[in-house]
Amino acid sequence: MNTFSFVIHPIELRRDAARKFPILGLLPERAIEKIALKLKPQHISHITGIESATGATCEGHFIGCPLSSRQLVELPPETVYRKLVDCGKMSADLGAKIMGLGAFTSVAGDAGISVARRLEGTINVTSGNSYTVYTAVEGLLKAAHLMGLEPKNSRVAIVGASGSIGAVCAKILAPDVASLALIGRDLGKLDALKTQLCAQNSDVHVTSDIRAALREADLVLAVSSAGKDLIFPEDLKSGAVVCDVARPRDVSKSVVEKRDDVLVIEGGVIEVPGDVRFNFDFGFPEKTAFACMSETMLLALEGTFESYTLGRDLSVEKVLHTGEMARKHGFQLAGFRAFETSVTDETIERIRHNAARKREV
């Protein structure tokens, strides 16, 4: 049977470490990080029961990288690469032929290129970002439809547009929306992206002023790697749809607590075909997974054992091809969720009604 692995890591090291070892909750974060540097990767669970609509099957393993989100971004790349190479070697020993990089392991350093190079001949590597992009756009447009918004008449804001995921999302959305606001800190990168988009959409704006851009947006795609809240209740237009793909989230929980006229959904939540058993609780309902995890499963089902999505220059063609693979194998968007809570049709209708009522006042 084709086998994959997927690397996960603690989002909040002190909190997550204390779940397994309560005494660690008494230590400061920096002290726990020093301990984490000395730890080896851990086998977290065996994943079974994945079965494609074609009848193909695969199995996998969760591999735990002990580094925190902050460490993966701030440590010297060489230190991070060594940890991820160790994850790859453990994966290969378990029979995996492809390894997916989860959360901040997919953006650390050069986004998988160096790790794949060092593991060449041992195991292949993918960041999972192609399917993440596909489902982010798919989820945003589906939610827009449910809220009665036509993309061709909508102003779209992309938070984190200077990153690899944000840039390719912009390229896919540009031909089909009224205008685009590209939001990020690197204005040089954003200007270069705007130039690429001019042939597809003449109304593209570049800004680092997230507050101003969000107040004008009908649709918001949040894909930054800031690692903190960027979007707050007072920032958003009534009736807006926000699809938050970032991990950790870009959207403050206060948005769903204080704004009953704005729809917030989490992007990239996928229903996996088969009687799936992850044997590890990562906060999702049974038989659902992140899109980046799902890309790794798709490649195993396809028998495509090559390094797939790597680096920061994502291809529109590869994103669309990954979407085709997903349809072939029966992967699809799961019901919408936000902050570990299901977003039902009734919830969406209530938000839509509240937004309409506020516009009438």
# chains A, B, ... in the order shown; residues from 1 in each chain; ligands from 1
$ residues_around --residues "stretch 7-16 of chain A" --least-positions-apart "6" --cutoff "10 Å" --atoms "only C-alpha atoms" --output "VMD selection string"
chain A and resid 22 24 to 33 36 41 to 44 61 to 72 84 87 to 88 91 99 to 106 127 227 247 to 248 282 293
$ select_by_dssp --residues "stretch 159-275 of chain A" --states "helix (DSSP H, G or I)" --output "number ranges by chain"
A: 164-176, 187-197, 210-215, 233-235, 254-258
$ write_last_selection --atoms "C-alpha atoms" --output "PDB file, in the first residue's frame"
ATOM      1  CA  SER A 164       3.457  32.511  -2.151  1.00  0.00           C
ATOM      2  CA  ILE A 165      -0.101  31.443  -1.308  1.00  0.00           C
ATOM      3  CA  GLY A 166      -1.501  34.973  -1.460  1.00  0.00           C
ATOM      4  CA  ALA A 167       0.163  35.711  -4.792  1.00  0.00           C
ATOM      5  CA  VAL A 168      -1.194  32.661  -6.598  1.00  0.00           C
ATOM      6  CA  CYS A 169      -4.662  33.210  -5.062  1.00  0.00           C
ATOM      7  CA  ALA A 170      -4.561  36.709  -6.562  1.00  0.00           C
ATOM      8  CA  LYS A 171      -3.640  35.316  -9.983  1.00  0.00           C
ATOM      9  CA  ILE A 172      -6.579  32.890  -9.893  1.00  0.00           C
ATOM     10  CA  LEU A 173      -9.120  35.439  -8.622  1.00  0.00           C
ATOM     11  CA  ALA A 174      -8.065  38.459 -10.708  1.00  0.00           C
ATOM     12  CA  PRO A 175     -10.019  37.678 -13.910  1.00  0.00           C
ATOM     13  CA  ASP A 176     -13.287  37.056 -12.073  1.00  0.00           C
ATOM     14  CA  LEU A 187       5.375  46.776  -1.220  1.00  0.00           C
ATOM     15  CA  GLY A 188       8.036  45.938  -3.797  1.00  0.00           C
ATOM     16  CA  LYS A 189       6.734  42.379  -4.130  1.00  0.00           C
ATOM     17  CA  LEU A 190       3.159  43.636  -4.235  1.00  0.00           C
ATOM     18  CA  ASP A 191       3.953  46.132  -6.997  1.00  0.00           C
ATOM     19  CA  ALA A 192       5.564  43.345  -9.037  1.00  0.00           C
ATOM     20  CA  LEU A 193       2.473  41.181  -8.525  1.00  0.00           C
ATOM     21  CA  LYS A 194       0.211  44.057  -9.537  1.00  0.00           C
ATOM     22  CA  THR A 195       2.136  44.365 -12.796  1.00  0.00           C
ATOM     23  CA  GLN A 196       1.562  40.673 -13.519  1.00  0.00           C
ATOM     24  CA  LEU A 197      -2.169  41.072 -12.869  1.00  0.00           C
ATOM     25  CA  ILE A 210      -4.822  46.687   6.258  1.00  0.00           C
ATOM     26  CA  ARG A 211      -7.504  48.661   8.138  1.00  0.00           C
ATOM     27  CA  ALA A 212      -8.418  50.902   5.222  1.00  0.00           C
ATOM     28  CA  ALA A 213      -8.380  48.099   2.653  1.00  0.00           C
ATOM     29  CA  LEU A 214     -10.596  45.781   4.698  1.00  0.00           C
ATOM     30  CA  ARG A 215     -13.272  48.432   5.251  1.00  0.00           C
ATOM     31  CA  PRO A 233     -14.423  43.552  14.361  1.00  0.00           C
ATOM     32  CA  GLU A 234     -14.144  47.240  13.522  1.00  0.00           C
ATOM     33  CA  ASP A 235     -12.221  46.508  10.299  1.00  0.00           C
ATOM     34  CA  SER A 254     -13.715  38.768  18.629  1.00  0.00           C
ATOM     35  CA  VAL A 255     -14.971  39.131  15.040  1.00  0.00           C
ATOM     36  CA  VAL A 256     -17.376  36.191  15.372  1.00  0.00           C
ATOM     37  CA  GLU A 257     -18.254  37.269  18.910  1.00  0.00           C
ATOM     38  CA  LYS A 258     -19.098  40.888  18.057  1.00  0.00           C
TER      39      LYS A 258
END
$ select_by_dssp --residues "stretch 39-190 of chain A" --states "strand (DSSP E)" --output "compact mmCIF listing (two decimals) with C-alpha atoms, in the first residue's frame"
# COMPACT_ATOMS: atom_id res chain seq x y z
CA GLN A 42 8.22 11.79 17.41
CA HIS A 43 5.89 9.31 15.72
CA ILE A 44 2.45 10.66 16.64
CA SER A 45 -0.01 8.27 14.99
CA HIS A 46 -0.74 5.79 12.20
CA ILE A 47 -3.38 6.98 9.70
CA THR A 48 -5.60 4.31 8.13
CA GLY A 49 -8.78 3.89 6.09
CA ILE A 50 -8.22 6.40 3.25
CA GLU A 51 -10.00 5.08 0.15
CA THR A 57 -6.06 3.20 -0.90
CA CYS A 58 -3.19 4.62 1.11
CA GLU A 59 -2.03 4.92 4.69
CA GLY A 60 0.12 7.43 6.52
CA HIS A 61 1.83 8.66 9.65
CA PHE A 62 1.82 11.89 11.61
CA ILE A 63 5.36 12.89 12.55
CA GLY A 64 5.84 15.48 15.29
CA ILE A 98 6.30 11.21 0.31
CA MET A 99 6.31 13.64 3.27
CA GLY A 100 4.02 16.64 3.64
CA LEU A 101 5.13 19.73 5.53
CA ASN A 124 9.95 13.06 -1.56
CA VAL A 125 8.54 16.26 -0.10
CA THR A 126 5.57 18.57 -0.65
CA ARG A 155 -14.07 44.04 -4.09
CA VAL A 156 -11.59 41.45 -2.86
CA ALA A 157 -8.80 41.97 -0.33
CA ILE A 158 -5.96 39.48 0.10
CA VAL A 159 -4.14 39.73 3.42
CA SER A 179 -11.17 44.75 -7.95
CA LEU A 180 -8.30 43.45 -5.87
CA ALA A 181 -6.53 44.97 -2.87
CA LEU A 182 -3.13 43.36 -2.33
CA ILE A 183 -2.20 43.78 1.35
$ closest_residue --among "A:Phe232, A:Phe331, A:Phe336, A:Phe290" --to "A:Pro273" --atoms "only C-alpha atoms"
A:Phe331
$ atom_distance --atom1 "atom CA of A:Pro77" --atom2 "atom CA of A:Ser294"
26.0 Å
$ atom_distance --atom1 "atom CA of A:Ala338" --atom2 "atom CA of A:Phe278"
21.0 Å
$ atom_distance --atom1 "atom CA of A:Ser224" --atom2 "atom CA of A:Ala144"
20.7 Å
$ closest_residue --among "A:Ala143, A:Ala300, A:Arg185, A:Pro151" --to "A:Thr207" --atoms "only C-alpha atoms"
A:Arg185
$ residues_around --residues "A:Ala53" --least-positions-apart "2" --cutoff "12 Å" --atoms "only C-alpha atoms" --output "ChimeraX atom specification"
/A:50-51,55-57,272-274,298,301-302,325-332
$ closest_residue --among "A:Leu314, A:Val206, A:Ala226, A:Ile270" --to "A:Gly335" --atoms "only C-alpha atoms"
A:Ile270
$ decode --residues "stretch 159-191 of chain A" --atoms "N, CA, C and O atoms" --output "PDB file, in the first residue's frame"
ATOM      1  N   VAL A 159      -5.073  39.399   2.335  1.00  0.00           N
ATOM      2  CA  VAL A 159      -4.145  39.726   3.419  1.00  0.00           C
ATOM      3  C   VAL A 159      -2.986  38.738   3.361  1.00  0.00           C
ATOM      4  O   VAL A 159      -3.174  37.531   3.491  1.00  0.00           O
ATOM      5  N   GLY A 160      -1.789  39.263   3.141  1.00  0.00           N
ATOM      6  CA  GLY A 160      -0.628  38.399   2.951  1.00  0.00           C
ATOM      7  C   GLY A 160      -0.385  38.109   1.485  1.00  0.00           C
ATOM      8  O   GLY A 160       0.142  37.049   1.123  1.00  0.00           O
ATOM      9  N   ALA A 161      -0.739  39.057   0.616  1.00  0.00           N
ATOM     10  CA  ALA A 161      -0.627  38.837  -0.831  1.00  0.00           C
ATOM     11  C   ALA A 161       0.814  38.758  -1.310  1.00  0.00           C
ATOM     12  O   ALA A 161       1.067  38.275  -2.427  1.00  0.00           O
ATOM     13  N   SER A 162       1.772  39.209  -0.521  1.00  0.00           N
ATOM     14  CA  SER A 162       3.176  39.133  -0.947  1.00  0.00           C
ATOM     15  C   SER A 162       3.762  37.747  -0.740  1.00  0.00           C
ATOM     16  O   SER A 162       4.848  37.445  -1.234  1.00  0.00           O
ATOM     17  N   GLY A 163       3.042  36.878  -0.006  1.00  0.00           N
ATOM     18  CA  GLY A 163       3.502  35.503   0.188  1.00  0.00           C
ATOM     19  C   GLY A 163       3.135  34.624  -0.990  1.00  0.00           C
ATOM     20  O   GLY A 163       2.364  35.017  -1.873  1.00  0.00           O
ATOM     21  N   SER A 164       3.670  33.407  -1.006  1.00  0.00           N
ATOM     22  CA  SER A 164       3.457  32.511  -2.151  1.00  0.00           C
ATOM     23  C   SER A 164       1.990  32.133  -2.312  1.00  0.00           C
ATOM     24  O   SER A 164       1.458  32.127  -3.436  1.00  0.00           O
ATOM     25  N   ILE A 165       1.302  31.839  -1.218  1.00  0.00           N
ATOM     26  CA  ILE A 165      -0.101  31.443  -1.308  1.00  0.00           C
ATOM     27  C   ILE A 165      -0.951  32.635  -1.729  1.00  0.00           C
ATOM     28  O   ILE A 165      -1.802  32.528  -2.616  1.00  0.00           O
ATOM     29  N   GLY A 166      -0.724  33.786  -1.114  1.00  0.00           N
ATOM     30  CA  GLY A 166      -1.501  34.973  -1.460  1.00  0.00           C
ATOM     31  C   GLY A 166      -1.329  35.376  -2.907  1.00  0.00           C
ATOM     32  O   GLY A 166      -2.299  35.756  -3.577  1.00  0.00           O
ATOM     33  N   ALA A 167      -0.110  35.289  -3.415  1.00  0.00           N
ATOM     34  CA  ALA A 167       0.163  35.711  -4.792  1.00  0.00           C
ATOM     35  C   ALA A 167      -0.572  34.842  -5.802  1.00  0.00           C
ATOM     36  O   ALA A 167      -1.189  35.344  -6.747  1.00  0.00           O
ATOM     37  N   VAL A 168      -0.532  33.528  -5.619  1.00  0.00           N
ATOM     38  CA  VAL A 168      -1.194  32.661  -6.598  1.00  0.00           C
ATOM     39  C   VAL A 168      -2.717  32.729  -6.446  1.00  0.00           C
ATOM     40  O   VAL A 168      -3.447  32.615  -7.441  1.00  0.00           O
ATOM     41  N   CYS A 169      -3.223  32.968  -5.237  1.00  0.00           N
ATOM     42  CA  CYS A 169      -4.662  33.210  -5.062  1.00  0.00           C
ATOM     43  C   CYS A 169      -5.081  34.443  -5.864  1.00  0.00           C
ATOM     44  O   CYS A 169      -6.146  34.453  -6.508  1.00  0.00           O
ATOM     45  N   ALA A 170      -4.258  35.484  -5.811  1.00  0.00           N
ATOM     46  CA  ALA A 170      -4.561  36.709  -6.562  1.00  0.00           C
ATOM     47  C   ALA A 170      -4.614  36.434  -8.054  1.00  0.00           C
ATOM     48  O   ALA A 170      -5.490  36.943  -8.775  1.00  0.00           O
ATOM     49  N   LYS A 171      -3.675  35.632  -8.557  1.00  0.00           N
ATOM     50  CA  LYS A 171      -3.640  35.316  -9.983  1.00  0.00           C
ATOM     51  C   LYS A 171      -4.891  34.554 -10.420  1.00  0.00           C
ATOM     52  O   LYS A 171      -5.411  34.757 -11.524  1.00  0.00           O
ATOM     53  N   ILE A 172      -5.383  33.674  -9.558  1.00  0.00           N
ATOM     54  CA  ILE A 172      -6.579  32.890  -9.893  1.00  0.00           C
ATOM     55  C   ILE A 172      -7.837  33.749  -9.822  1.00  0.00           C
ATOM     56  O   ILE A 172      -8.734  33.644 -10.674  1.00  0.00           O
ATOM     57  N   LEU A 173      -7.918  34.633  -8.825  1.00  0.00           N
ATOM     58  CA  LEU A 173      -9.120  35.439  -8.622  1.00  0.00           C
ATOM     59  C   LEU A 173      -9.211  36.634  -9.568  1.00  0.00           C
ATOM     60  O   LEU A 173     -10.316  37.069  -9.913  1.00  0.00           O
ATOM     61  N   ALA A 174      -8.092  37.184  -9.981  1.00  0.00           N
ATOM     62  CA  ALA A 174      -8.065  38.459 -10.708  1.00  0.00           C
ATOM     63  C   ALA A 174      -9.029  38.541 -11.888  1.00  0.00           C
ATOM     64  O   ALA A 174      -9.727  39.564 -12.033  1.00  0.00           O
ATOM     65  N   PRO A 175      -9.139  37.529 -12.736  1.00  0.00           N
ATOM     66  CA  PRO A 175     -10.019  37.678 -13.910  1.00  0.00           C
ATOM     67  C   PRO A 175     -11.496  37.715 -13.576  1.00  0.00           C
ATOM     68  O   PRO A 175     -12.303  38.149 -14.402  1.00  0.00           O
ATOM     69  N   ASP A 176     -11.876  37.286 -12.381  1.00  0.00           N
ATOM     70  CA  ASP A 176     -13.287  37.056 -12.073  1.00  0.00           C
ATOM     71  C   ASP A 176     -13.876  37.986 -11.023  1.00  0.00           C
ATOM     72  O   ASP A 176     -15.024  37.791 -10.610  1.00  0.00           O
ATOM     73  N   VAL A 177     -13.114  38.984 -10.564  1.00  0.00           N
ATOM     74  CA  VAL A 177     -13.634  39.892  -9.536  1.00  0.00           C
ATOM     75  C   VAL A 177     -13.537  41.339 -10.008  1.00  0.00           C
ATOM     76  O   VAL A 177     -12.803  41.652 -10.954  1.00  0.00           O
ATOM     77  N   ALA A 178     -14.294  42.214  -9.339  1.00  0.00           N
ATOM     78  CA  ALA A 178     -14.326  43.619  -9.761  1.00  0.00           C
ATOM     79  C   ALA A 178     -13.003  44.319  -9.489  1.00  0.00           C
ATOM     80  O   ALA A 178     -12.502  45.074 -10.325  1.00  0.00           O
ATOM     81  N   SER A 179     -12.436  44.109  -8.291  1.00  0.00           N
ATOM     82  CA  SER A 179     -11.170  44.753  -7.946  1.00  0.00           C
ATOM     83  C   SER A 179     -10.435  43.920  -6.909  1.00  0.00           C
ATOM     84  O   SER A 179     -11.034  43.093  -6.215  1.00  0.00           O
ATOM     85  N   LEU A 180      -9.139  44.168  -6.816  1.00  0.00           N
ATOM     86  CA  LEU A 180      -8.295  43.446  -5.871  1.00  0.00           C
ATOM     87  C   LEU A 180      -7.470  44.431  -5.057  1.00  0.00           C
ATOM     88  O   LEU A 180      -6.851  45.341  -5.617  1.00  0.00           O
ATOM     89  N   ALA A 181      -7.456  44.242  -3.735  1.00  0.00           N
ATOM     90  CA  ALA A 181      -6.533  44.970  -2.870  1.00  0.00           C
ATOM     91  C   ALA A 181      -5.486  43.981  -2.381  1.00  0.00           C
ATOM     92  O   ALA A 181      -5.819  42.988  -1.714  1.00  0.00           O
ATOM     93  N   LEU A 182      -4.241  44.217  -2.731  1.00  0.00           N
ATOM     94  CA  LEU A 182      -3.132  43.359  -2.327  1.00  0.00           C
ATOM     95  C   LEU A 182      -2.506  43.955  -1.074  1.00  0.00           C
ATOM     96  O   LEU A 182      -1.923  45.043  -1.115  1.00  0.00           O
ATOM     97  N   ILE A 183      -2.624  43.251   0.053  1.00  0.00           N
ATOM     98  CA  ILE A 183      -2.196  43.778   1.350  1.00  0.00           C
ATOM     99  C   ILE A 183      -0.980  43.007   1.844  1.00  0.00           C
ATOM    100  O   ILE A 183      -0.981  41.773   1.869  1.00  0.00           O
ATOM    101  N   GLY A 184       0.057  43.740   2.238  1.00  0.00           N
ATOM    102  CA  GLY A 184       1.245  43.100   2.778  1.00  0.00           C
ATOM    103  C   GLY A 184       2.278  44.135   3.176  1.00  0.00           C
ATOM    104  O   GLY A 184       2.082  45.337   2.981  1.00  0.00           O
ATOM    105  N   ARG A 185       3.393  43.655   3.727  1.00  0.00           N
ATOM    106  CA  ARG A 185       4.437  44.575   4.194  1.00  0.00           C
ATOM    107  C   ARG A 185       5.468  44.867   3.115  1.00  0.00           C
ATOM    108  O   ARG A 185       6.096  45.919   3.128  1.00  0.00           O
ATOM    109  N   ASP A 186       5.657  43.941   2.179  1.00  0.00           N
ATOM    110  CA  ASP A 186       6.676  44.109   1.153  1.00  0.00           C
ATOM    111  C   ASP A 186       6.035  44.749  -0.087  1.00  0.00           C
ATOM    112  O   ASP A 186       5.544  44.056  -0.987  1.00  0.00           O
ATOM    113  N   LEU A 187       6.043  46.074  -0.130  1.00  0.00           N
ATOM    114  CA  LEU A 187       5.375  46.776  -1.220  1.00  0.00           C
ATOM    115  C   LEU A 187       6.051  46.528  -2.566  1.00  0.00           C
ATOM    116  O   LEU A 187       5.397  46.566  -3.615  1.00  0.00           O
ATOM    117  N   GLY A 188       7.339  46.252  -2.550  1.00  0.00           N
ATOM    118  CA  GLY A 188       8.036  45.938  -3.797  1.00  0.00           C
ATOM    119  C   GLY A 188       7.484  44.673  -4.430  1.00  0.00           C
ATOM    120  O   GLY A 188       7.206  44.625  -5.639  1.00  0.00           O
ATOM    121  N   LYS A 189       7.303  43.627  -3.621  1.00  0.00           N
ATOM    122  CA  LYS A 189       6.734  42.379  -4.130  1.00  0.00           C
ATOM    123  C   LYS A 189       5.301  42.595  -4.612  1.00  0.00           C
ATOM    124  O   LYS A 189       4.880  42.046  -5.633  1.00  0.00           O
ATOM    125  N   LEU A 190       4.552  43.399  -3.866  1.00  0.00           N
ATOM    126  CA  LEU A 190       3.159  43.636  -4.235  1.00  0.00           C
ATOM    127  C   LEU A 190       3.063  44.414  -5.549  1.00  0.00           C
ATOM    128  O   LEU A 190       2.191  44.135  -6.378  1.00  0.00           O
ATOM    129  N   ASP A 191       3.954  45.380  -5.732  1.00  0.00           N
ATOM    130  CA  ASP A 191       3.953  46.132  -6.997  1.00  0.00           C
ATOM    131  C   ASP A 191       4.276  45.211  -8.172  1.00  0.00           C
ATOM    132  O   ASP A 191       3.683  45.336  -9.258  1.00  0.00           O
TER     133      ASP A 191
END
